[in-house]
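Report on one structure; see the data block that follows.
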Amino acid sequence: ALLTWSLSLGVQALRLRALVPASPRPPLSGFAFVVLGSNAIHLALPGPVAELGAAWALRQRYGVPMPSALAAALLARVLALAIFGIVTLALWPLVADRLPENIAAAVTPLAVATGLLGAGLVVLLMRPAAAAGLAAGFADRLAALPFLSRHAERLGGRLRWWARCVAAVGELPLSRWAEAAALSVLNLLVLTASA
């Protein structure tokens, strides 16, 4: 199981490499070390610290701008979650009839919600810069409300920064996103096999 799981690190490195807006593409070996290091950090520290570490390593090794590298690392994780949701929904009819009726009734809405959320995330990921721009516009509308203006200004500034971060990733050709999605499916298969 451990050997099979370790194969997923190579698949994750390929997925991250597909989403990093660098030309020419840096060598895979460097991405493998970045993913291995970020997985180790992820086990030790909560939150997006691992993605920050991966982005810093990509900047140090290959000169990828920190915002673009951070956006690529985070969007790779979100894409993996979205693919997981879609696969969950697709496989649910095959699994649901094998579960006790009360468990299937309780888990079915969750499986459907996960799948629909995953599909929605995939649509948003196809245009991440536009999605971040919509979020920034929403923050601007919140700023018009007097009781939220102070917090909305700070939120709007952060969302606009994220919009700039994901713009470079959003400009990648659709083939790179398709490659990353296929690698997410492969990663899910490898992790399932190890389980």
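The chains in the structure tokens are called A, B, ... from first to last as shown; in each chain the residues are counted from 1, and the ligands are counted from 1 in the order shown.
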Residue contacts of Gly120 of chain A (10 Å, only C-alpha atoms) excluding same-chain residues fewer than 6 positions away, as an MDAnalysis selection string: chainID A and resid 82 85:86 114
Contacts of Ala181 of chain A at 8 Å (only C-alpha atoms; same-chain gap of 5+ positions) as a list in words: Arg15, Leu79, Ala80 and Ile83 of chain A
Could you save those same residues with C-alpha atoms as an mmCIF file, in the first residue's frame?
data_model
loop_
_atom_site.group_PDB
_atom_site.id
_atom_site.type_symbol
_atom_site.label_atom_id
_atom_site.label_comp_id
_atom_site.auth_asym_id
_atom_site.auth_seq_id
_atom_site.Cartn_x
_atom_site.Cartn_y
_atom_site.Cartn_z
ATOM 1 C CA ARG A 15 -0.516 17.666 -12.242
ATOM 2 C CA LEU A 79 -9.180 20.552 -9.138
ATOM 3 C CA ALA A 80 -8.430 17.299 -7.296
ATOM 4 C CA ILE A 83 -12.698 15.556 -9.735
#
Contacts of Trp92 of chain A at 9 Å (only C-alpha atoms; same-chain gap of 3+ positions) as a ChimeraX atom specification: /A:87-89,95-97,108,111-112
Write the residues of the preceding selection, restricted to C-alpha atoms, as a short mmCIF file (atom, residue, chain, number, x, y, z; two decimals), in the first residue's frame.
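Generated file (selection16.cif):
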data_model
loop_
_atom_site.label_atom_id
_atom_site.label_comp_id
_atom_site.auth_asym_id
_atom_site.auth_seq_id
_atom_site.Cartn_x
_atom_site.Cartn_y
_atom_site.Cartn_z
CA VAL A 87 -16.26 10.60 -9.51
CA THR A 88 -18.22 10.18 -6.25
CA LEU A 89 -21.44 11.14 -8.00
CA VAL A 95 -22.51 1.65 -4.44
CA ALA A 96 -25.81 2.87 -3.03
CA ASP A 97 -27.74 -0.40 -3.46
CA THR A 108 -27.19 10.02 -0.98
CA ALA A 111 -22.95 12.30 -2.62
CA VAL A 112 -25.19 14.33 -4.95
#
Spatial neighbours of Trp177 of chain A, max dist 10 Å, only C-alpha atoms, sep filter under 4 positions, as an NGL selection string: :A and (15 or 18-19 or 76 or 79 or 122 or 125-126 or 169-170 or 172-173 or 181-183)
Distance of atom CA of Leu58 of chain A from atom CA of Val20 of chain A, expressed in Å to one decimal place: 9.1 Å
Write out as CSV the residues of segment 166-194 of chain A that have any atom within 12 Å of an atom of segment 1-12 of chain A, one row each with the nearest atom pair and its distance in Å to one decimal, counting only C-alpha atoms, sorted by chain and then rising number.
residue,atom,partner,partner_atom,distance
A:Glu179,CA,A:Val11,CA,11.1
A:Ala180,CA,A:Gln12,CA,9.0
A:Ala181,CA,A:Gln12,CA,10.9
A:Ala182,CA,A:Val11,CA,10.0
A:Leu183,CA,A:Val11,CA,6.3
A:Ser184,CA,A:Gln12,CA,7.6
A:Val185,CA,A:Val11,CA,9.7
A:Leu186,CA,A:Val11,CA,7.3
A:Asn187,CA,A:Ser8,CA,5.5
A:Leu188,CA,A:Ser8,CA,8.3
A:Leu189,CA,A:Ser8,CA,9.0
A:Val190,CA,A:Ser8,CA,6.0
A:Leu191,CA,A:Trp5,CA,5.8
A:Thr192,CA,A:Trp5,CA,8.8
A:Ala193,CA,A:Thr4,CA,7.1
A:Ser194,CA,A:Ala1,CA,4.4
Distance query segment 24-31 of chain A at most 7 Å, only C-alpha atoms, self and fewer than 4 positions along chain excluded, as a ChimeraX atom specification: /A:13-14,17,35,62
Go ahead and save the residues from that selection, with C-alpha atoms, as a PDB file, in the first residue's frame.
ATOM      1  CA  ALA A  13       3.967  16.402  -9.471  1.00  0.00           C
ATOM      2  CA  LEU A  14       2.805  15.969 -13.075  1.00  0.00           C
ATOM      3  CA  ARG A  17       3.617  20.890 -13.532  1.00  0.00           C
ATOM      4  CA  VAL A  35       5.344  17.823  -4.000  1.00  0.00           C
ATOM      5  CA  TYR A  62      12.674  27.803 -11.512  1.00  0.00           C
TER       6      TYR A  62
END
